[in-house]
>>> print(open('protein19.pdb').read())   # PDB, C-alpha atoms
ATOM      1  CA  MET A 196      77.261  85.434 148.827
ATOM      2  CA  ALA A 197      75.021  87.858 146.951
ATOM      3  CA  ASN A 198      78.150  89.564 145.650
ATOM      4  CA  LEU A 199      79.452  86.222 144.377
ATOM      5  CA  LYS A 200      76.173  85.600 142.587
ATOM      6  CA  ASP A 201      76.341  89.009 140.880
ATOM      7  CA  ILE A 202      79.900  88.415 139.695
ATOM      8  CA  LYS A 203      79.003  84.941 138.435
ATOM      9  CA  ARG A 204      75.997  86.377 136.592
ATOM     10  CA  ARG A 205      78.218  89.025 134.964
ATOM     11  CA  ILE A 206      80.717  86.371 133.868
ATOM     12  CA  GLY A 207      77.908  84.394 132.227
ATOM     13  CA  SER A 208      76.600  87.531 130.499
ATOM     14  CA  VAL A 209      80.030  88.453 129.113
ATOM     15  CA  LYS A 210      80.570  84.879 127.905
ATOM     16  CA  SER A 211      77.257  85.020 126.018
ATOM     17  CA  THR A 212      78.287  88.328 124.453
ATOM     18  CA  GLN A 213      81.647  86.833 123.533
ATOM     19  CA  LYS A 214      79.946  83.968 121.686
ATOM     20  CA  ILE A 215      77.857  86.466 119.688
ATOM     21  CA  THR A 216      80.819  88.700 118.765
ATOM     22  CA  ASN A 217      82.914  85.672 117.785
ATOM     23  CA  ALA A 218      80.099  84.343 115.578
ATOM     24  CA  MET A 219      79.700  87.762 113.934
ATOM     25  CA  LYS A 220      83.454  87.884 113.336
ATOM     26  CA  LEU A 221      83.390  84.493 111.577
ATOM     27  CA  VAL A 222      80.394  85.474 109.416
ATOM     28  CA  SER A 223      82.000  88.792 108.451
ATOM     29  CA  ALA A 224      85.288  87.032 107.683
ATOM     30  CA  ALA A 225      83.535  84.729 105.200
ATOM     31  CA  LYS A 226      81.679  87.627 103.562
ATOM     32  CA  PHE A 227      84.813  89.772 103.574
ATOM     33  CA  ALA A 228      86.762  87.140 101.630
ATOM     34  CA  ARG A 229      84.171  87.189  98.832
ATOM     35  CA  ALA A 230      83.768  90.986  98.877
ATOM     36  CA  SER A 231      87.504  91.726  98.791
ATOM     37  CA  HIS A 232      87.930  89.290  95.899
ATOM     38  CA  ALA A 233      85.126  91.058  94.006
ATOM     39  CA  VAL A 234      86.794  94.445  94.568
ATOM     40  CA  ASP A 235      90.165  93.180  93.362
ATOM     41  CA  ALA A 236      88.511  91.696  90.270
ATOM     42  CA  ALA A 237      86.454  94.815  89.428
ATOM     43  CA  ARG A 238      89.114  97.514  89.786
ATOM     44  CA  PRO A 239      91.303  96.466  86.816
ATOM     45  CA  TYR A 240      88.218  96.413  84.572
ATOM     46  CA  ALA A 241      87.096  99.870  85.716
ATOM     47  CA  LYS A 242      90.610 101.244  85.263
ATOM     48  CA  ALA A 243      90.958  99.725  81.782
ATOM     49  CA  LEU A 244      87.539 101.068  80.747
ATOM     50  CA  ASP A 245      88.421 104.564  81.965
ATOM     51  CA  HIS A 246      91.676 104.439  80.013
ATOM     52  CA  MET A 247      89.911 103.262  76.853
ATOM     53  CA  VAL A 248      87.206 105.951  77.030
ATOM     54  CA  GLU A 249      89.761 108.693  77.743
ATOM     55  CA  LYS A 250      91.913 107.431  74.872
ATOM     56  CA  LEU A 251      88.956 107.607  72.489
ATOM     57  CA  LEU A 252      87.738 111.026  73.616
ATOM     58  CA  MET A 253      91.053 112.768  74.319
ATOM     59  CA  GLY A 254      91.696 115.557  71.877
ATOM     60  CA  GLN A 255      88.090 115.644  70.633
ATOM     61  CA  SER A 256      86.925 119.252  70.651
ATOM     62  CA  ASP A 257      83.338 118.780  69.442
ATOM     63  CA  LEU A 258      82.045 116.428  72.138
ATOM     64  CA  ASN A 259      78.358 117.048  72.757
ATOM     65  CA  SER A 260      76.679 115.129  75.551
ATOM     66  CA  PRO A 261      74.378 116.161  78.426
ATOM     67  CA  LEU A 262      76.619 114.139  80.747
ATOM     68  CA  LEU A 263      79.515 116.524  79.973
ATOM     69  CA  ARG A 264      77.509 119.697  80.603
ATOM     70  CA  GLN A 265      79.608 122.205  82.512
ATOM     71  CA  GLY A 266      78.223 125.249  84.266
ATOM     72  CA  GLU A 267      78.356 127.320  87.402
ATOM     73  CA  GLU A 268      77.848 125.232  90.519
ATOM     74  CA  LYS A 269      74.853 126.553  92.415
ATOM     75  CA  ARG A 270      73.100 123.377  93.519
ATOM     76  CA  SER A 271      74.711 119.985  94.108
ATOM     77  CA  LEU A 272      73.764 116.498  95.231
ATOM     78  CA  VAL A 273      75.805 114.025  97.285
ATOM     79  CA  LEU A 274      75.134 110.309  96.889
ATOM     80  CA  VAL A 275      76.127 108.815 100.273
ATOM     81  CA  LEU A 276      76.850 105.068 100.395
ATOM     82  CA  ALA A 277      76.727 103.819 103.988
ATOM     83  CA  THR A 278      75.824 100.589 105.749
ATOM     84  CA  ASP A 279      72.432  99.440 106.968
ATOM     85  CA  ARG A 280      73.750  97.847 110.165
ATOM     86  CA  GLY A 281      76.166  99.064 112.778
ATOM     87  CA  LEU A 282      78.876  97.264 114.771
ATOM     88  CA  CYS A 283      81.498  98.084 112.136
ATOM     89  CA  GLY A 284      83.805 100.338 114.121
ATOM     90  CA  GLY A 285      84.211 103.913 112.975
ATOM     91  CA  LEU A 286      83.442 103.208 109.310
ATOM     92  CA  ASN A 287      80.214 105.212 109.111
ATOM     93  CA  ALA A 288      81.354 107.865 111.602
ATOM     94  CA  ASN A 289      84.468 108.633 109.541
ATOM     95  CA  LEU A 290      82.443 108.796 106.333
ATOM     96  CA  PHE A 291      79.839 111.132 107.828
ATOM     97  CA  LYS A 292      82.577 113.338 109.263
ATOM     98  CA  ALA A 293      84.077 113.714 105.774
ATOM     99  CA  VAL A 294      80.640 114.423 104.282
ATOM    100  CA  SER A 295      79.920 117.057 106.961
ATOM    101  CA  GLY A 296      83.209 118.812 106.178
ATOM    102  CA  PHE A 297      82.448 118.689 102.452
ATOM    103  CA  LEU A 298      78.952 120.121 102.977
ATOM    104  CA  LYS A 299      80.358 122.901 105.133
ATOM    105  CA  GLU A 300      82.848 123.892 102.414
ATOM    106  CA  LYS A 301      80.153 123.928  99.742
ATOM    107  CA  THR A 302      77.758 125.928 101.922
ATOM    108  CA  GLN A 303      80.442 128.521 102.624
ATOM    109  CA  ALA A 304      80.999 128.769  98.862
ATOM    110  CA  GLY A 305      77.295 129.538  98.369
ATOM    111  CA  VAL A 306      76.330 126.127  96.977
ATOM    112  CA  ALA A 307      73.102 124.462  98.120
ATOM    113  CA  VAL A 308      73.672 120.734  98.711
ATOM    114  CA  ASP A 309      71.127 117.933  99.035
ATOM    115  CA  VAL A 310      71.638 114.253  99.861
ATOM    116  CA  TYR A 311      70.669 110.978  98.215
ATOM    117  CA  ALA A 312      71.016 108.513 101.101
ATOM    118  CA  CYS A 313      71.790 104.843 100.501
ATOM    119  CA  GLY A 314      71.749 102.744 103.665
ATOM    120  CA  ARG A 315      69.876 103.153 106.944
ATOM    121  CA  ARG A 316      72.862 104.789 108.594
ATOM    122  CA  ALA A 317      73.056 107.381 105.823
ATOM    123  CA  ILE A 318      69.336 108.104 106.141
ATOM    124  CA  SER A 319      69.679 108.503 109.912
ATOM    125  CA  PHE A 320      72.681 110.818 109.441
ATOM    126  CA  ALA A 321      70.793 113.035 106.974
ATOM    127  CA  ARG A 322      67.795 113.282 109.315
ATOM    128  CA  LYS A 323      69.896 114.152 112.357
ATOM    129  CA  THR A 324      71.753 116.902 110.482
ATOM    130  CA  ASN A 325      68.516 118.280 108.938
ATOM    131  CA  LEU A 326      69.664 117.721 105.348
ATOM    132  CA  THR A 327      67.248 117.619 102.426
ATOM    133  CA  ILE A 328      66.893 113.979 101.363
ATOM    134  CA  VAL A 329      66.116 113.745  97.646
ATOM    135  CA  GLY A 330      66.037 109.937  97.613
ATOM    136  CA  ARG A 331      66.658 107.041  99.965
ATOM    137  CA  GLU A 332      67.388 103.358  99.537
ATOM    138  CA  GLU A 333      68.157 100.551 101.951
ATOM    139  CA  LYS A 334      70.232  97.372 101.649
ATOM    140  CA  VAL A 335      72.183  98.727  98.681
ATOM    141  CA  LEU A 336      75.457  97.207  99.900
ATOM    142  CA  GLU A 337      73.991  93.800 100.762
ATOM    143  CA  LYS A 338      73.634  92.399  97.237
ATOM    144  CA  VAL A 339      75.783  94.464  94.927
ATOM    145  CA  ASN A 340      75.518  93.811  91.196
ATOM    146  CA  VAL A 341      75.634  95.756  87.957
ATOM    147  CA  GLU A 342      71.835  96.175  87.877
ATOM    148  CA  VAL A 343      71.906  98.071  91.190
ATOM    149  CA  ALA A 344      74.656 100.314  89.803
ATOM    150  CA  ARG A 345      72.710 100.956  86.576
ATOM    151  CA  ARG A 346      69.544 101.826  88.477
ATOM    152  CA  LEU A 347      71.376 104.348  90.655
ATOM    153  CA  VAL A 348      73.161 105.809  87.619
ATOM    154  CA  ARG A 349      69.834 106.317  85.831
ATOM    155  CA  GLU A 350      68.513 108.190  88.880
ATOM    156  CA  MET A 351      71.625 110.393  89.003
ATOM    157  CA  GLU A 352      71.535 111.056  85.249
ATOM    158  CA  LYS A 353      67.854 112.010  85.440
ATOM    159  CA  LEU A 354      68.524 114.515  88.236
ATOM    160  CA  PHE A 355      71.538 115.952  86.413
ATOM    161  CA  THR A 356      70.210 116.194  82.847
ATOM    162  CA  SER A 357      66.950 117.756  84.059
ATOM    163  CA  GLY A 358      68.976 120.688  85.374
ATOM    164  CA  ALA A 359      67.967 120.099  88.995
ATOM    165  CA  TYR A 360      71.640 119.860  90.001
ATOM    166  CA  ASP A 361      74.842 121.290  88.552
ATOM    167  CA  ARG A 362      77.133 118.718  90.183
ATOM    168  CA  ILE A 363      76.593 115.252  91.591
ATOM    169  CA  TYR A 364      79.140 113.773  93.983
ATOM    170  CA  ILE A 365      79.512 110.337  95.523
ATOM    171  CA  ALA A 366      80.721 109.654  99.080
ATOM    172  CA  TYR A 367      81.789 106.137 100.026
ATOM    173  CA  PRO A 368      84.444 104.249 102.025
ATOM    174  CA  PHE A 369      87.344 103.337  99.719
ATOM    175  CA  TYR A 370      88.567  99.852 100.554
ATOM    176  CA  LYS A 371      92.321  99.500 101.054
ATOM    177  CA  SER A 372      92.501  96.649 103.541
ATOM    178  CA  ALA A 373      90.554  95.123 106.416
ATOM    179  CA  LEU A 374      92.143  97.708 108.704
ATOM    180  CA  ASP A 375      92.054 100.716 106.365
ATOM    181  CA  GLN A 376      88.949 102.188 104.716
ATOM    182  CA  ALA A 377      89.373 105.783 103.596
ATOM    183  CA  PRO A 378      86.270 108.020 103.283
ATOM    184  CA  THR A 379      86.252 109.281  99.690
ATOM    185  CA  ILE A 380      84.212 111.975  97.926
ATOM    186  CA  ASP A 381      84.458 112.194  94.112
ATOM    187  CA  GLN A 382      82.579 113.994  91.381
ATOM    188  CA  LEU A 383      80.240 111.671  89.500
ATOM    189  CA  LEU A 384      78.558 114.137  87.120
ATOM    190  CA  PRO A 385      79.435 115.894  84.902
ATOM    191  CA  VAL A 386      81.958 113.316  83.748
ATOM    192  CA  ARG A 387      85.487 114.567  84.083
ATOM    193  CA  MET A 388      87.607 113.959  80.999
ATOM    194  CA  LYS A 389      91.374 114.159  80.903
ATOM    195  CA  ARG A 390      92.651 116.996  78.758
ATOM    196  CA  ALA A 391      95.268 116.293  76.140
ATOM    197  CA  THR A 392      98.759 117.685  76.651
ATOM    198  CA  GLU A 393     101.672 118.005  74.276
ATOM    199  CA  GLY A 394     103.250 114.803  75.566
ATOM    200  CA  ASP A 395     100.128 112.659  75.057
ATOM    201  CA  ASN A 396      99.905 110.321  72.107
ATOM    202  CA  LEU A 397      96.504 111.058  70.591
ATOM    203  CA  ARG A 398      96.721 108.307  67.988
ATOM    204  CA  THR A 399      94.275 105.509  68.540
ATOM    205  CA  TYR A 400      93.992 102.276  66.609
ATOM    206  CA  ALA A 401      90.382 101.592  67.644
ATOM    207  CA  ILE A 402      87.753 101.649  64.903
ATOM    208  CA  VAL A 403      84.501 103.055  66.279
ATOM    209  CA  GLU A 404      81.248 102.069  64.588
ATOM    210  CA  PRO A 405      78.741 103.549  63.857
ATOM    211  CA  GLY A 406      80.575 106.671  65.076
ATOM    212  CA  LEU A 407      82.012 108.249  68.194
ATOM    213  CA  ASP A 408      79.331 110.936  68.320
ATOM    214  CA  GLN A 409      76.588 108.283  68.294
ATOM    215  CA  LEU A 410      78.261 106.125  70.952
ATOM    216  CA  LEU A 411      79.344 108.974  73.218
ATOM    217  CA  ASP A 412      76.411 108.847  75.637
ATOM    218  CA  LYS A 413      76.631 105.049  75.949
ATOM    219  CA  LEU A 414      80.381 105.163  76.551
ATOM    220  CA  LEU A 415      80.036 107.809  79.243
ATOM    221  CA  GLU A 416      77.168 105.926  80.892
ATOM    222  CA  ARG A 417      79.216 102.722  80.914
ATOM    223  CA  LYS A 418      82.103 104.634  82.473
ATOM    224  CA  ILE A 419      79.855 105.964  85.260
ATOM    225  CA  VAL A 420      78.266 102.541  85.872
ATOM    226  CA  SER A 421      81.666 100.854  86.184
ATOM    227  CA  TYR A 422      82.849 103.523  88.619
ATOM    228  CA  LEU A 423      79.682 103.301  90.744
ATOM    229  CA  LEU A 424      79.829  99.502  90.752
ATOM    230  CA  ALA A 425      83.432  99.664  91.973
ATOM    231  CA  ALA A 426      82.344 102.115  94.702
ATOM    232  CA  LEU A 427      79.525  99.785  95.810
ATOM    233  CA  LEU A 428      81.866  96.797  95.931
ATOM    234  CA  SER A 429      84.382  98.894  97.839
ATOM    235  CA  GLY A 430      81.681  99.861 100.345
ATOM    236  CA  THR A 431      80.679  96.225 100.853
ATOM    237  CA  ALA A 432      84.265  95.068 101.393
ATOM    238  CA  SER A 433      84.871  97.989 103.754
ATOM    239  CA  GLU A 434      81.778  97.117 105.818
ATOM    240  CA  HIS A 435      82.678  93.454 106.297
ATOM    241  CA  GLY A 436      86.358  94.230 106.868
ATOM    242  CA  ALA A 437      85.544  96.866 109.491
ATOM    243  CA  ARG A 438      82.965  94.628 111.206
ATOM    244  CA  MET A 439      85.353  91.665 111.230
ATOM    245  CA  THR A 440      88.045  93.825 112.857
ATOM    246  CA  ALA A 441      85.612  95.370 115.351
ATOM    247  CA  MET A 442      84.156  92.003 116.383
ATOM    248  CA  ASP A 443      87.629  90.516 116.755
ATOM    249  CA  SER A 444      88.552  93.387 119.061
ATOM    250  CA  ALA A 445      85.279  92.954 120.993
ATOM    251  CA  THR A 446      85.936  89.219 121.411
ATOM    252  CA  ASN A 447      89.433  89.871 122.746
ATOM    253  CA  ASN A 448      88.097  92.538 125.107
ATOM    254  CA  ALA A 449      85.480  90.075 126.378
ATOM    255  CA  LYS A 450      88.256  87.570 127.156
ATOM    256  CA  GLU A 451      90.053  90.192 129.213
ATOM    257  CA  VAL A 452      86.851  91.151 131.061
ATOM    258  CA  ILE A 453      86.147  87.477 131.831
ATOM    259  CA  ARG A 454      89.683  87.039 133.154
ATOM    260  CA  LYS A 455      89.339  90.040 135.471
ATOM    261  CA  LEU A 456      85.875  89.008 136.661
ATOM    262  CA  THR A 457      87.058  85.444 137.317
ATOM    263  CA  LEU A 458      89.936  86.787 139.396
ATOM    264  CA  GLN A 459      87.516  89.034 141.291
ATOM    265  CA  TYR A 460      85.146  86.081 141.825
ATOM    266  CA  ASN A 461      87.936  83.879 143.193
ATOM    267  CA  ARG A 462      89.086  86.603 145.575
ATOM    268  CA  ALA A 463      85.555  87.216 146.834
ATOM    269  CA  ARG A 464      84.972  83.481 147.250
ATOM    270  CA  GLN A 465      88.257  83.101 149.107
ATOM    271  CA  ALA A 466      87.339  86.033 151.380
ATOM    272  CA  ALA A 467      83.930  84.487 152.097
ATOM    273  CA  ILE A 468      85.520  81.134 152.993
ATOM    274  CA  THR A 469      88.084  82.846 155.225
ATOM    275  CA  LYS A 470      85.306  84.772 156.985
ATOM    276  CA  GLU A 471      83.350  81.565 157.635
ATOM    277  CA  LEU A 472      86.450  79.845 159.025
ATOM    278  CA  ILE A 473      87.136  82.764 161.350
ATOM    279  CA  GLU A 474      83.539  82.635 162.614
ATOM    280  CA  ILE A 475      83.780  78.860 163.247
ATOM    281  CA  ILE A 476      87.107  79.194 165.083
ATOM    282  CA  SER A 477      85.815  82.147 167.131
ATOM    283  CA  GLY A 478      82.714  80.171 168.092
ATOM    284  CA  ALA A 479      84.780  77.146 169.115
ATOM    285  CA  GLU A 480      87.093  79.286 171.247
ATOM    286  CA  ALA A 481      84.068  80.922 172.929
ATOM    287  CA  LEU A 482      82.757  77.479 173.983
ATOM    288  CA  HIS A 483      86.036  76.697 175.720
TER     289      HIS A 483
END
>>> encode(input="protein19.pdb", output="structure tokens")
Amino acid sequence: MANLKDIKRRIGSVKSTQKITNAMKLVSAAKFARASHAVDAARPYAKALDHMVEKLLMGQSDLNSPLLRQGEEKRSLVLVLATDRGLCGGLNANLFKAVSGFLKEKTQAGVAVDVYACGRRAISFARKTNLTIVGREEKVLEKVNVEVARRLVREMEKLFTSGAYDRIYIAYPFYKSALDQAPTIDQLLPVRMKRATEGDNLRTYAIVEPGLDQLLDKLLERKIVSYLLAALLSGTASEHGARMTAMDSATNNAKEVIRKLTLQYNRARQAAITKELIEIISGAEALH
């Protein structure tokens, strides 16, 4: 009977876990719906802004901005956007694997790389791999808005324009769907501008006041902010999509475990009843 009690206790424990995973799945599903909508709404704006800025600046040969400063890459910084909580499948693991490969390539090329960690998981990853952490922030992906993006951009611009770093990269999970989040690493600073080719139409009908040279820094900053905001929204949607999928899988696995344990419990109970019947019959036959 002790064995039956253990199995029954395990069934109760798995059922409690199943309730938790199912609740987490429902919460993530609600948050994922809002986050995915925000990503879909932000991407066209970011794409249109990039096109407008490139259209204005394409073919300009006398652009002078600290955000466009090019030079030999000797020291770089990677801004890593990860989650604060776990239970989201392999989202963080895949991102950190991509970052580790990127750091290895840069180190082999003779480039010193530091990390600006956003999210508890990113901080933990940097500590475990003995990376130099220049800055750290938590709960960046929980309440994403343009002010968070601007604050991070100001930090990155300060580190870049001061000459502390020659390149600044950003690593984040690019949201494609609830089942697909691709780890992505892009260059954030200096701003990459598309070069004009013979087939490009360099005519623009936009009138720029007070002047392109005076608005250049603001345009480039707005371009970086829109890109970083899209990356933050993508990270949030990826987190909730991955957690929703992982919790759905955990709930289904719990159902299967409960089914197997229930079958095991019934067999053990049936064996115990059969044993008791055999003992009763044997005792009765012994009396005769």
>>> residues_around(input="protein19.pdb", residues="region 262-265 of chain A", least_positions_apart="3", cutoff="10 Å", atoms="only C-alpha atoms", output="list of chain:residue names")
A:Leu258, A:Asn259, A:Glu268, A:Glu352, A:Phe355, A:Thr356, A:Gly358, A:Asp361, A:Arg362, A:Leu383, A:Leu384, A:Pro385, A:Val386, A:Arg387, A:Met388, A:Leu411, A:Asp412, A:Leu415, A:Glu416, A:Ile419
>>> resolve_selection(input="protein19.pdb", expression="the PyMOL selection byres ((chain A and resi 204-221) around 12)", output="PyMOL selection string")
chain A and resi 197-203+222-228+281-283+435-460
>>> closest_residue(input="protein19.pdb", among="A:Arg349, A:Lys470, A:His246, A:Arg238", to="Leu427 (chain A)", atoms="all atoms listed in the file")
A:Arg238
>>> closest_residue(input="protein19.pdb", among="A:Ala317, A:Val306, A:Leu251, A:Leu374", to="Ala277 (chain A)", atoms="all atoms listed in the file")
A:Ala317
>>> resolve_selection(input="protein19.pdb", expression="the PyMOL selection byres ((chain A and resi 291) around 12)", output="JSON, numbers by chain")
{"A": [273, 274, 275, 276, 277, 278, 285, 286, 287, 288, 289, 290, 292, 293, 294, 295, 296, 297, 298, 310, 312, 316, 317, 318, 319, 320, 321, 323, 324, 366, 367, 368, 377, 378, 379, 380]}
>>> write_last_selection(input="protein19.pdb", atoms="C-alpha atoms", output="mmCIF file, in the coordinates of the input")
data_model
loop_
_atom_site.group_PDB
_atom_site.id
_atom_site.type_symbol
_atom_site.label_atom_id
_atom_site.label_comp_id
_atom_site.auth_asym_id
_atom_site.auth_seq_id
_atom_site.Cartn_x
_atom_site.Cartn_y
_atom_site.Cartn_z
ATOM 1 C CA VAL A 273 75.805 114.025 97.285
ATOM 2 C CA LEU A 274 75.134 110.309 96.889
ATOM 3 C CA VAL A 275 76.127 108.815 100.273
ATOM 4 C CA LEU A 276 76.850 105.068 100.395
ATOM 5 C CA ALA A 277 76.727 103.819 103.988
ATOM 6 C CA THR A 278 75.824 100.589 105.749
ATOM 7 C CA GLY A 285 84.211 103.913 112.975
ATOM 8 C CA LEU A 286 83.442 103.208 109.310
ATOM 9 C CA ASN A 287 80.214 105.212 109.111
ATOM 10 C CA ALA A 288 81.354 107.865 111.602
ATOM 11 C CA ASN A 289 84.468 108.633 109.541
ATOM 12 C CA LEU A 290 82.443 108.796 106.333
ATOM 13 C CA LYS A 292 82.577 113.338 109.263
ATOM 14 C CA ALA A 293 84.077 113.714 105.774
ATOM 15 C CA VAL A 294 80.640 114.423 104.282
ATOM 16 C CA SER A 295 79.920 117.057 106.961
ATOM 17 C CA GLY A 296 83.209 118.812 106.178
ATOM 18 C CA PHE A 297 82.448 118.689 102.452
ATOM 19 C CA LEU A 298 78.952 120.121 102.977
ATOM 20 C CA VAL A 310 71.638 114.253 99.861
ATOM 21 C CA ALA A 312 71.016 108.513 101.101
ATOM 22 C CA ARG A 316 72.862 104.789 108.594
ATOM 23 C CA ALA A 317 73.056 107.381 105.823
ATOM 24 C CA ILE A 318 69.336 108.104 106.141
ATOM 25 C CA SER A 319 69.679 108.503 109.912
ATOM 26 C CA PHE A 320 72.681 110.818 109.441
ATOM 27 C CA ALA A 321 70.793 113.035 106.974
ATOM 28 C CA LYS A 323 69.896 114.152 112.357
ATOM 29 C CA THR A 324 71.753 116.902 110.482
ATOM 30 C CA ALA A 366 80.721 109.654 99.080
ATOM 31 C CA TYR A 367 81.789 106.137 100.026
ATOM 32 C CA PRO A 368 84.444 104.249 102.025
ATOM 33 C CA ALA A 377 89.373 105.783 103.596
ATOM 34 C CA PRO A 378 86.270 108.020 103.283
ATOM 35 C CA THR A 379 86.252 109.281 99.690
ATOM 36 C CA ILE A 380 84.212 111.975 97.926
#
>>> atom_distance(input="protein19.pdb", atom1="CA of Lys299 (chain A)", atom2="CA of Gly330 (chain A)")
20.7 Å
>>> atom_distance(input="protein19.pdb", atom1="CA of Ala359 (chain A)", atom2="CA of Leu424 (chain A)")
23.8 Å
>>> closest_residue(input="protein19.pdb", among="A:Leu414, A:Val308, A:Leu482, A:Leu336", to="Tyr360 (chain A)", atoms="all atoms listed in the file")
A:Val308
>>> closest_residue(input="protein19.pdb", among="A:Asp309, A:Glu337, A:Glu332, A:Glu342", to="Leu423 (chain A)", atoms="all atoms listed in the file")
A:Glu342
>>> closest_residue(input="protein19.pdb", among="A:Arg331, A:Tyr364, A:Gln465, A:Gly314", to="Arg270 (chain A)", atoms="all atoms listed in the file")
A:Tyr364
>>> decode(input="protein19.pdb", residues="region 269-275 of chain A", atoms="all heavy atoms", output="mmCIF file, in the first residue's frame")
data_model
loop_
_atom_site.group_PDB
_atom_site.id
_atom_site.type_symbol
_atom_site.label_atom_id
_atom_site.label_comp_id
_atom_site.auth_asym_id
_atom_site.auth_seq_id
_atom_site.Cartn_x
_atom_site.Cartn_y
_atom_site.Cartn_z
ATOM 1 N N LYS A 269 39.217 47.957 -33.029
ATOM 2 C CA LYS A 269 40.105 47.378 -32.028
ATOM 3 C C LYS A 269 39.361 46.975 -30.753
ATOM 4 O O LYS A 269 39.761 46.037 -30.079
ATOM 5 C CB LYS A 269 41.217 48.378 -31.670
ATOM 6 C CG LYS A 269 42.160 48.703 -32.831
ATOM 7 C CD LYS A 269 43.234 49.665 -32.383
ATOM 8 C CE LYS A 269 44.205 49.989 -33.525
ATOM 9 N NZ LYS A 269 45.245 50.955 -33.097
ATOM 10 N N ARG A 270 38.326 47.733 -30.450
ATOM 11 C CA ARG A 270 37.543 47.453 -29.234
ATOM 12 C C ARG A 270 36.063 47.625 -29.554
ATOM 13 O O ARG A 270 35.660 48.650 -30.107
ATOM 14 C CB ARG A 270 37.971 48.382 -28.104
ATOM 15 C CG ARG A 270 37.443 47.961 -26.737
ATOM 16 C CD ARG A 270 38.054 48.803 -25.637
ATOM 17 N NE ARG A 270 37.721 48.266 -24.323
ATOM 18 C CZ ARG A 270 38.380 47.299 -23.721
ATOM 19 N NH1 ARG A 270 39.433 46.756 -24.313
ATOM 20 N NH2 ARG A 270 38.020 46.855 -22.530
ATOM 21 N N SER A 271 35.263 46.630 -29.213
ATOM 22 C CA SER A 271 33.837 46.661 -29.534
ATOM 23 C C SER A 271 32.999 46.342 -28.302
ATOM 24 O O SER A 271 33.492 45.815 -27.308
ATOM 25 C CB SER A 271 33.516 45.667 -30.659
ATOM 26 O OG SER A 271 34.207 46.008 -31.843
ATOM 27 N N LEU A 272 31.722 46.669 -28.433
ATOM 28 C CA LEU A 272 30.751 46.430 -27.355
ATOM 29 C C LEU A 272 29.538 45.732 -27.943
ATOM 30 O O LEU A 272 29.083 46.073 -29.038
ATOM 31 C CB LEU A 272 30.333 47.756 -26.710
ATOM 32 C CG LEU A 272 29.288 47.679 -25.590
ATOM 33 C CD1 LEU A 272 29.872 47.032 -24.351
ATOM 34 C CD2 LEU A 272 28.755 49.080 -25.259
ATOM 35 N N VAL A 273 29.021 44.749 -27.216
ATOM 36 C CA VAL A 273 27.811 44.027 -27.645
ATOM 37 C C VAL A 273 26.703 44.297 -26.636
ATOM 38 O O VAL A 273 26.844 43.988 -25.452
ATOM 39 C CB VAL A 273 28.060 42.516 -27.782
ATOM 40 C CG1 VAL A 273 26.777 41.825 -28.240
ATOM 41 C CG2 VAL A 273 29.174 42.233 -28.770
ATOM 42 N N LEU A 274 25.618 44.875 -27.110
ATOM 43 C CA LEU A 274 24.427 45.089 -26.289
ATOM 44 C C LEU A 274 23.556 43.837 -26.414
ATOM 45 O O LEU A 274 23.000 43.564 -27.476
ATOM 46 C CB LEU A 274 23.669 46.328 -26.770
ATOM 47 C CG LEU A 274 22.305 46.606 -26.130
ATOM 48 C CD1 LEU A 274 22.449 46.889 -24.642
ATOM 49 C CD2 LEU A 274 21.607 47.762 -26.828
ATOM 50 N N VAL A 275 23.448 43.066 -25.335
ATOM 51 C CA VAL A 275 22.720 41.791 -25.353
ATOM 52 C C VAL A 275 21.355 41.992 -24.712
ATOM 53 O O VAL A 275 21.254 42.375 -23.550
ATOM 54 C CB VAL A 275 23.500 40.685 -24.612
ATOM 55 C CG1 VAL A 275 22.737 39.370 -24.685
ATOM 56 C CG2 VAL A 275 24.896 40.526 -25.192
#
